[in-house]
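Enquirer: Input file: data_10.cif. Contents: mmCIF, C-alpha atoms and all ligand atoms.
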```cif
data_final
loop_
_atom_site.group_PDB
_atom_site.id
_atom_site.type_symbol
_atom_site.label_atom_id
_atom_site.label_comp_id
_atom_site.auth_asym_id
_atom_site.auth_seq_id
_atom_site.Cartn_x
_atom_site.Cartn_y
_atom_site.Cartn_z
ATOM 1 C CA MET B 20 -5.244 -18.255 -13.876
ATOM 2 C CA GLU B 21 -3.050 -21.184 -12.827
ATOM 3 C CA TYR B 22 -0.547 -22.476 -15.329
ATOM 4 C CA LYS B 23 1.352 -25.765 -15.127
ATOM 5 C CA VAL B 24 4.997 -26.361 -16.026
ATOM 6 C CA SER B 25 3.976 -29.891 -17.019
ATOM 7 C CA ASP B 26 1.908 -28.452 -19.911
ATOM 8 C CA LEU B 27 5.073 -27.094 -21.545
ATOM 9 C CA PRO B 28 6.826 -28.810 -24.482
ATOM 10 C CA ASP B 29 10.084 -30.705 -23.959
ATOM 11 C CA THR B 30 12.063 -27.795 -25.432
ATOM 12 C CA LEU B 31 11.119 -25.586 -22.464
ATOM 13 C CA ARG B 32 10.021 -27.748 -19.500
ATOM 14 C CA PRO B 33 13.487 -29.034 -18.428
ATOM 15 C CA TYR B 34 14.822 -25.462 -18.103
ATOM 16 C CA ILE B 35 12.197 -24.222 -15.664
ATOM 17 C CA LEU B 36 12.550 -24.489 -11.896
ATOM 18 C CA PRO B 37 9.454 -23.287 -9.973
ATOM 19 C CA GLN B 38 10.334 -21.302 -6.844
ATOM 20 C CA THR B 39 8.491 -21.137 -3.507
ATOM 21 C CA ASP B 40 7.517 -17.486 -4.250
ATOM 22 C CA GLY B 41 5.659 -18.540 -7.398
ATOM 23 C CA CYS B 42 8.282 -17.448 -9.932
ATOM 24 C CA TRP B 43 9.401 -19.984 -12.513
ATOM 25 C CA ARG B 44 13.165 -19.609 -12.683
ATOM 26 C CA TRP B 45 14.832 -20.131 -16.066
ATOM 27 C CA VAL B 46 17.937 -22.331 -15.673
ATOM 28 C CA GLY B 47 18.871 -22.416 -19.374
ATOM 29 C CA LYS B 48 20.879 -19.917 -21.374
ATOM 30 C CA VAL B 49 20.733 -16.289 -20.188
ATOM 31 C CA ASP B 50 21.497 -13.197 -22.278
ATOM 32 C CA ARG B 51 23.558 -10.270 -21.022
ATOM 33 C CA ASN B 52 20.401 -8.364 -20.029
ATOM 34 C CA GLY B 53 19.414 -11.183 -17.715
ATOM 35 C CA TYR B 54 16.637 -12.717 -19.829
ATOM 36 C CA GLY B 55 16.303 -16.419 -20.572
ATOM 37 C CA ARG B 56 17.018 -17.543 -24.122
ATOM 38 C CA SER B 57 15.331 -20.586 -25.607
ATOM 39 C CA LYS B 58 16.454 -22.230 -28.860
ATOM 40 C CA SER B 59 14.251 -19.957 -30.961
ATOM 41 C CA GLY B 60 14.267 -16.692 -29.021
ATOM 42 C CA TRP B 61 13.146 -15.212 -25.712
ATOM 43 C CA ALA B 62 12.229 -17.998 -23.317
ATOM 44 C CA HIS B 63 9.452 -16.066 -21.540
ATOM 45 C CA ARG B 64 7.772 -15.171 -24.831
ATOM 46 C CA GLU B 65 7.850 -18.788 -25.952
ATOM 47 C CA VAL B 66 6.513 -20.023 -22.606
ATOM 48 C CA TYR B 67 3.750 -17.401 -22.702
ATOM 49 C CA GLU B 68 2.704 -18.388 -26.216
ATOM 50 C CA ALA B 69 2.780 -22.089 -25.307
ATOM 51 C CA LEU B 70 0.488 -21.674 -22.280
ATOM 52 C CA VAL B 71 -1.554 -18.487 -22.870
ATOM 53 C CA GLY B 72 -1.621 -17.972 -26.623
ATOM 54 C CA PRO B 73 -0.126 -15.723 -29.292
ATOM 55 C CA ILE B 74 1.253 -12.362 -28.152
ATOM 56 C CA PRO B 75 -0.519 -9.612 -30.145
ATOM 57 C CA PRO B 76 1.847 -8.077 -32.722
ATOM 58 C CA GLY B 77 4.025 -5.292 -31.342
ATOM 59 C CA LEU B 78 3.364 -6.034 -27.687
ATOM 60 C CA HIS B 79 6.059 -6.657 -25.073
ATOM 61 C CA LEU B 80 5.794 -8.918 -22.047
ATOM 62 C CA ASP B 81 6.185 -7.029 -18.778
ATOM 63 C CA HIS B 82 7.500 -9.003 -15.793
ATOM 64 C CA LEU B 83 5.043 -7.966 -13.070
ATOM 65 C CA CYS B 84 7.221 -9.749 -10.467
ATOM 66 C CA ARG B 85 10.314 -7.773 -11.627
ATOM 67 C CA VAL B 86 12.273 -11.038 -12.003
ATOM 68 C CA PRO B 87 13.651 -11.058 -15.579
ATOM 69 C CA LEU B 88 14.331 -14.803 -15.431
ATOM 70 C CA CYS B 89 10.783 -15.648 -14.350
ATOM 71 C CA GLN B 90 8.790 -17.687 -16.871
ATOM 72 C CA ASN B 91 5.441 -17.905 -15.053
ATOM 73 C CA PRO B 92 2.792 -16.581 -17.485
ATOM 74 C CA ALA B 93 0.748 -15.433 -14.463
ATOM 75 C CA HIS B 94 3.601 -12.970 -13.751
ATOM 76 C CA LEU B 95 3.716 -11.690 -17.331
ATOM 77 C CA GLU B 96 1.501 -9.074 -18.944
ATOM 78 C CA ALA B 97 1.392 -8.216 -22.645
ATOM 79 C CA VAL B 98 1.734 -4.409 -22.853
ATOM 80 C CA THR B 99 2.642 -1.776 -25.437
ATOM 81 C CA PRO B 100 6.351 -0.811 -25.617
ATOM 82 C CA GLY B 101 5.385 2.636 -24.240
ATOM 83 C CA GLU B 102 3.619 1.156 -21.240
ATOM 84 C CA ASN B 103 6.543 -1.237 -20.703
ATOM 85 C CA PHE B 104 8.936 1.724 -20.715
ATOM 86 C CA ILE B 105 6.835 3.752 -18.266
ATOM 87 C CA ARG B 106 6.958 0.798 -15.849
ATOM 88 C CA SER B 107 10.735 0.366 -16.268
ATOM 89 C CA MET B 108 13.635 1.623 -14.124
ATOM 90 C CA HIS B 109 14.816 4.055 -16.828
ATOM 91 C CA PRO B 110 15.517 7.448 -15.125
ATOM 92 C CA SER B 111 12.803 9.136 -17.188
ATOM 93 C CA ALA B 112 10.281 6.431 -16.318
ATOM 94 C CA VAL B 113 11.183 6.681 -12.628
ATOM 95 C CA ALA B 114 10.758 10.471 -12.861
ATOM 96 C CA HIS B 115 7.369 9.967 -14.506
ATOM 97 C CA ARG B 116 6.192 7.742 -11.634
ATOM 98 C CA ARG B 117 7.657 10.071 -8.995
ATOM 99 C CA GLY B 118 5.893 13.010 -10.638
ATOM 100 C CA THR B 119 9.006 15.180 -10.936
ATOM 101 C CA CYS B 120 12.046 15.530 -13.167
ATOM 102 C CA LYS B 121 15.400 14.235 -11.925
ATOM 103 C CA ARG B 122 16.072 17.602 -10.286
ATOM 104 C CA GLY B 123 12.717 17.598 -8.505
ATOM 105 C CA HIS B 124 10.729 20.013 -10.691
ATOM 106 C CA PRO B 125 7.012 19.184 -10.917
ATOM 107 C CA ILE B 126 5.740 17.244 -13.916
ATOM 108 C CA ALA B 127 3.728 20.379 -14.893
ATOM 109 C CA GLU B 128 7.074 21.762 -16.137
ATOM 110 C CA PHE B 129 7.390 18.988 -18.709
ATOM 111 C CA ARG B 130 7.058 20.108 -22.325
ATOM 112 C CA GLN B 131 6.600 17.903 -25.305
ATOM 113 C CA VAL B 132 8.282 18.422 -28.657
ATOM 114 C CA LYS B 133 7.008 17.295 -32.045
ATOM 115 C CA ASP B 134 8.804 13.935 -32.163
ATOM 116 C CA GLY B 135 7.122 12.974 -28.877
ATOM 117 C CA THR B 136 10.126 13.384 -26.588
ATOM 118 C CA ARG B 137 9.773 15.500 -23.475
ATOM 119 C CA TYR B 138 11.993 17.740 -21.459
ATOM 120 C CA CYS B 139 11.718 19.667 -18.206
ATOM 121 C CA ALA B 140 11.218 23.362 -18.958
ATOM 122 C CA ALA B 141 12.399 24.339 -15.467
ATOM 123 C CA CYS B 142 15.701 22.487 -16.013
ATOM 124 C CA ARG B 143 16.082 24.080 -19.441
ATOM 125 C CA ARG B 144 15.405 27.576 -18.077
ATOM 126 C CA GLU B 145 18.022 26.947 -15.396
ATOM 127 C CA LEU B 146 20.580 25.891 -18.052
ATOM 128 C CA GLN B 147 19.662 28.870 -20.249
ATOM 129 C CA ARG B 148 19.910 31.245 -17.293
ATOM 130 C CA ARG B 149 23.411 29.939 -16.546
ATOM 131 C CA HIS B 150 24.343 30.167 -20.214
ATOM 132 C CA TYR B 151 23.155 33.759 -20.586
ATOM 133 C CA ALA B 152 24.614 34.791 -17.225
ATOM 134 C CA ALA B 153 28.004 33.573 -18.518
ATOM 135 C CA GLN B 154 27.854 35.774 -21.643
ATOM 136 C CA ASP B 155 30.003 38.864 -22.028
ATOM 137 C CA TRP B 156 27.022 41.219 -22.165
ATOM 138 C CA PRO B 157 28.918 44.550 -22.112
ATOM 139 C CA THR B 158 30.787 43.478 -25.283
ATOM 140 C CA MET B 159 27.644 42.130 -26.926
ATOM 141 C CA ILE B 160 25.707 45.309 -26.095
ATOM 142 C CA ALA B 161 28.502 47.411 -27.562
ATOM 143 C CA ARG B 162 28.308 45.363 -30.796
ATOM 144 C CA LYS B 163 24.524 45.506 -30.897
ATOM 145 C CA HIS B 164 24.303 49.294 -30.706
ATOM 146 C CA GLY B 165 23.974 50.865 -34.115
ATOM 147 C CA LYS B 166 22.797 47.656 -35.756
ATOM 148 C CA GLY B 167 19.109 47.959 -34.974
ATOM 149 C CA THR B 168 17.274 46.266 -32.162
ATOM 150 C CA TYR B 169 15.238 43.158 -31.553
ATOM 151 C CA THR B 170 11.559 43.702 -32.273
ATOM 152 C CA ARG B 171 10.142 40.604 -30.587
ATOM 153 C CA ARG B 172 11.018 38.886 -27.359
ATOM 154 C CA THR B 173 11.138 35.117 -27.544
ATOM 155 C CA PRO B 174 11.105 32.991 -24.364
ATOM 156 C CA GLU B 175 14.883 32.610 -24.811
ATOM 157 C CA GLN B 176 15.285 36.391 -24.900
ATOM 158 C CA VAL B 177 13.169 36.702 -21.752
ATOM 159 C CA VAL B 178 15.601 34.325 -20.049
ATOM 160 C CA ALA B 179 18.485 36.407 -21.414
ATOM 161 C CA ILE B 180 16.867 39.622 -20.156
ATOM 162 C CA ARG B 181 16.461 38.200 -16.665
ATOM 163 C CA ALA B 182 20.061 36.936 -16.704
ATOM 164 C CA MET B 183 21.339 40.364 -17.786
ATOM 165 C CA LEU B 184 19.409 42.066 -14.989
ATOM 166 C CA GLU B 185 20.693 39.515 -12.468
ATOM 167 C CA ILE B 186 24.295 40.420 -13.217
ATOM 168 C CA GLY B 187 23.575 44.106 -12.717
ATOM 169 C CA ILE B 188 22.936 45.551 -16.192
ATOM 170 C CA SER B 189 20.414 48.384 -15.867
ATOM 171 C CA GLN B 190 16.834 48.027 -17.093
ATOM 172 C CA ALA B 191 17.349 51.050 -19.368
ATOM 173 C CA GLU B 192 20.365 49.421 -21.021
ATOM 174 C CA VAL B 193 18.581 46.074 -21.458
ATOM 175 C CA ALA B 194 15.584 47.960 -22.913
ATOM 176 C CA ARG B 195 17.855 49.583 -25.496
ATOM 177 C CA VAL B 196 19.321 46.200 -26.513
ATOM 178 C CA PHE B 197 15.911 44.610 -26.958
ATOM 179 C CA GLY B 198 14.198 47.641 -28.445
ATOM 180 C CA CYS B 199 11.447 47.996 -25.903
ATOM 181 C CA SER B 200 10.534 50.338 -23.103
ATOM 182 C CA PRO B 201 12.176 50.075 -19.668
ATOM 183 C CA SER B 202 8.723 49.394 -18.220
ATOM 184 C CA THR B 203 8.481 46.214 -20.336
ATOM 185 C CA ILE B 204 11.867 45.135 -18.980
ATOM 186 C CA SER B 205 10.656 45.976 -15.499
ATOM 187 C CA GLU B 206 7.596 43.782 -16.008
ATOM 188 C CA ILE B 207 9.754 40.915 -17.255
ATOM 189 C CA ALA B 208 12.070 41.377 -14.256
ATOM 190 C CA ARG B 209 9.093 41.138 -11.886
ATOM 191 C CA GLY B 210 7.672 38.142 -13.769
ATOM 192 C CA LEU B 211 4.495 40.046 -14.695
ATOM 193 C CA ALA B 212 4.850 39.716 -18.450
ATOM 194 C CA HIS B 213 6.133 37.120 -20.902
ATOM 195 C CA ALA B 214 5.661 34.203 -18.561
ATOM 196 C CA ALA B 215 6.089 30.775 -20.141
ATOM 197 C CA PRO B 216 2.731 29.235 -21.142
ATOM 198 C CA ILE B 217 1.292 26.455 -18.994
ATOM 199 C CA PRO B 218 2.083 23.204 -20.825
ATOM 200 C CA VAL B 219 -0.480 20.604 -21.766
ATOM 201 C CA TYR B 220 0.659 17.467 -20.000
ATOM 202 C CA ASP B 221 0.138 14.234 -21.839
ATOM 203 C CA PRO B 222 0.889 11.249 -19.553
ATOM 204 C CA LYS B 223 1.044 8.902 -22.565
ATOM 205 C CA VAL B 224 4.306 10.430 -23.729
ATOM 206 C CA VAL B 225 7.603 9.744 -21.993
ATOM 207 C CA GLU B 226 10.258 12.297 -21.113
ATOM 208 C CA GLU B 227 13.581 12.875 -22.925
HETATM 209 ZN ZN ZN W 301 7.684 -14.207 -11.326
HETATM 210 ZN ZN ZN W 302 13.648 19.833 -14.025
#
```
Could you write out this structure as structure tokens?
Ligand SMILES: [Zn+2]
Ligand SMILES: [Zn+2]

Expert:
Amino acid sequence: MEYKVSDLPDTLRPYILPQTDGCWRWVGKVDRNGYGRSKSGWAHREVYEALVGPIPPGLHLDHLCRVPLCQNPAHLEAVTPGENFIRSMHPSAVAHRRGTCKRGHPIAEFRQVKDGTRYCAACRRELQRRHYAAQDWPTMIARKHGKGTYTRRTPEQVVAIRAMLEIGISQAEVARVFGCSPSTISEIARGLAHAAPIPVYDPKVVEE
């Protein structure tokens, strides 16, 4: 679809300078994010509505040419805010397109929480492992003895168990702390039991 600057109203036409690459550069007021401002709002939205038609409620205009000042409706696409975000340069959006988190873990590690935000489970395990490895386990074990034991092992406890083993606490001692048999601890140590479930990956939802 070809659009013409000459079809624009007087409030917009004088502020648009077509470029050789096809972009229509806005030469009027510019906001601090680099977008053109017309008298009544966003210049590109007004230009789009003047030449294409009303923007459906709730939709954003994505600059396909990646030139925020461009006003050419042929370079604009009405998209949902989510889609607009996924196409953006936000670190999470870039990670989504690259297919890994910012530390390079595969997108299969991404988990989604109830409010729709996502995080990288591999990154979180790494942080947890460091956290648990930094604990004063001998003191904590000494406190724990005589006060009963844990009956279930949550994913966090599995991370703690692995961290305890990594710093040299015996499987028998860890088994006493967590109230299970040394063979269970051995299985956890070898990654045979209590592995994290495979997440369901929903590409519609954006990370973090
Ligand atoms: Zn453009
Ligand atoms: Zn990660």

Enquirer: Where does the PyMOL selection byres (((not hetatm)) within 8 of (chain W and resi 302)) land in this file, that is, which residues does it pick, as a VMD selection string?

Expert: chain B and resid 119 to 125 128 to 129 138 to 143

Enquirer: Would you output that residue set with C-alpha atoms, as a CSV table (one decimal), in the frame of the given file?

Expert:
```csv
chain,number,residue,atom,x,y,z
B,119,THR,CA,9.0,15.2,-10.9
B,120,CYS,CA,12.0,15.5,-13.2
B,121,LYS,CA,15.4,14.2,-11.9
B,122,ARG,CA,16.1,17.6,-10.3
B,123,GLY,CA,12.7,17.6,-8.5
B,124,HIS,CA,10.7,20.0,-10.7
B,125,PRO,CA,7.0,19.2,-10.9
B,128,GLU,CA,7.1,21.8,-16.1
B,129,PHE,CA,7.4,19.0,-18.7
B,138,TYR,CA,12.0,17.7,-21.5
B,139,CYS,CA,11.7,19.7,-18.2
B,140,ALA,CA,11.2,23.4,-19.0
B,141,ALA,CA,12.4,24.3,-15.5
B,142,CYS,CA,15.7,22.5,-16.0
B,143,ARG,CA,16.1,24.1,-19.4
```

Enquirer: List every residue of chain B that has an atom at most 10 Å from any atom of ligand ZN 301 (chain W), giving for each one its closest atom pair and the distance in Å to one decimal, counting only C-alpha atoms and all ligand atoms, sorted by chain and then by ascending residue number, as CSV.

Expert:
```
residue,atom,partner,partner_atom,distance
B:Pro37,CA,W:ZN301,ZN,9.3
B:Gln38,CA,W:ZN301,ZN,8.8
B:Asp40,CA,W:ZN301,ZN,7.8
B:Gly41,CA,W:ZN301,ZN,6.2
B:Cys42,CA,W:ZN301,ZN,3.6
B:Trp43,CA,W:ZN301,ZN,6.1
B:Arg44,CA,W:ZN301,ZN,7.8
B:His82,CA,W:ZN301,ZN,6.9
B:Leu83,CA,W:ZN301,ZN,7.0
B:Cys84,CA,W:ZN301,ZN,4.6
B:Arg85,CA,W:ZN301,ZN,7.0
B:Val86,CA,W:ZN301,ZN,5.6
B:Pro87,CA,W:ZN301,ZN,8.0
B:Leu88,CA,W:ZN301,ZN,7.8
B:Cys89,CA,W:ZN301,ZN,4.6
B:Gln90,CA,W:ZN301,ZN,6.6
B:Asn91,CA,W:ZN301,ZN,5.7
B:Pro92,CA,W:ZN301,ZN,8.2
B:Ala93,CA,W:ZN301,ZN,7.7
B:His94,CA,W:ZN301,ZN,4.9
B:Leu95,CA,W:ZN301,ZN,7.6
```

Enquirer: If we count all atoms listed in the file and set the cut-off at 9 Å, which residues sit around stretch 204-206 of chain B, ignoring sequence neighbours fewer than 6 positions away in its own chain? Please answer as a ChimeraX atom specification.

Expert: /B:177,180-181,190-191,193-194,197,212-213

Enquirer: How many Å separate atom CA of B:Lys58 from atom CA of B:Pro28?

Expert: 12.5 Å

Enquirer: With only C-alpha atoms as the basis for distance, which of B:Leu146, B:Ala152, B:Ala112, B:Ala97 is at the shortest distance from B:Val71?

Expert: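 For B:Val71, the nearest of the candidates is B:Ala97.
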
Enquirer: If you apply the PyMOL selection byres (((chain B and resi 148) around 8) and not hetatm) to this file, what residues do you get, as JSON, numbers by chain?

Expert: {"B": [144, 145, 146, 147, 149, 150, 151, 152, 178, 179, 181, 182]}

Enquirer: Quick check, in Å to one decimal: how far apart do atom CA of B:Asp81 and atom CA of B:Glu96 lie?

Expert: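 If I compute the distance from atom CA of B:Asp81 to atom CA of B:Glu96, I get 5.1 Å.
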
Enquirer: Can you turn the PyMOL selection byres (((chain B and resi 79) around 10) and not hetatm) into a concrete residue list for this file, as a PyMOL selection string?

Expert: chain B and resi 64+74-78+80-82+95-104

Enquirer: Tell me which protein, DNA and RNA residues are within 9 Å of B:Trp45, counting all atoms listed in the file, leaving out same-chain ones fewer than 3 positions away, and put them as a compact mmCIF listing (two decimals) with C-alpha atoms, in the frame of the given file.

Expert:
```txt
# COMPACT_ATOMS: atom_id res chain seq x y z
CA TYR B 34 14.82 -25.46 -18.10
CA ILE B 35 12.20 -24.22 -15.66
CA LEU B 36 12.55 -24.49 -11.90
CA PRO B 37 9.45 -23.29 -9.97
CA LYS B 48 20.88 -19.92 -21.37
CA VAL B 49 20.73 -16.29 -20.19
CA TYR B 54 16.64 -12.72 -19.83
CA GLY B 55 16.30 -16.42 -20.57
CA ARG B 56 17.02 -17.54 -24.12
CA ALA B 62 12.23 -18.00 -23.32
CA HIS B 63 9.45 -16.07 -21.54
CA LEU B 88 14.33 -14.80 -15.43
CA CYS B 89 10.78 -15.65 -14.35
CA GLN B 90 8.79 -17.69 -16.87
```

Enquirer: How far is it from atom CA of B:His109 to atom CA of B:Val46, in Å with one decimal?

Expert: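 Interatomic distance here is 26.6 Å.
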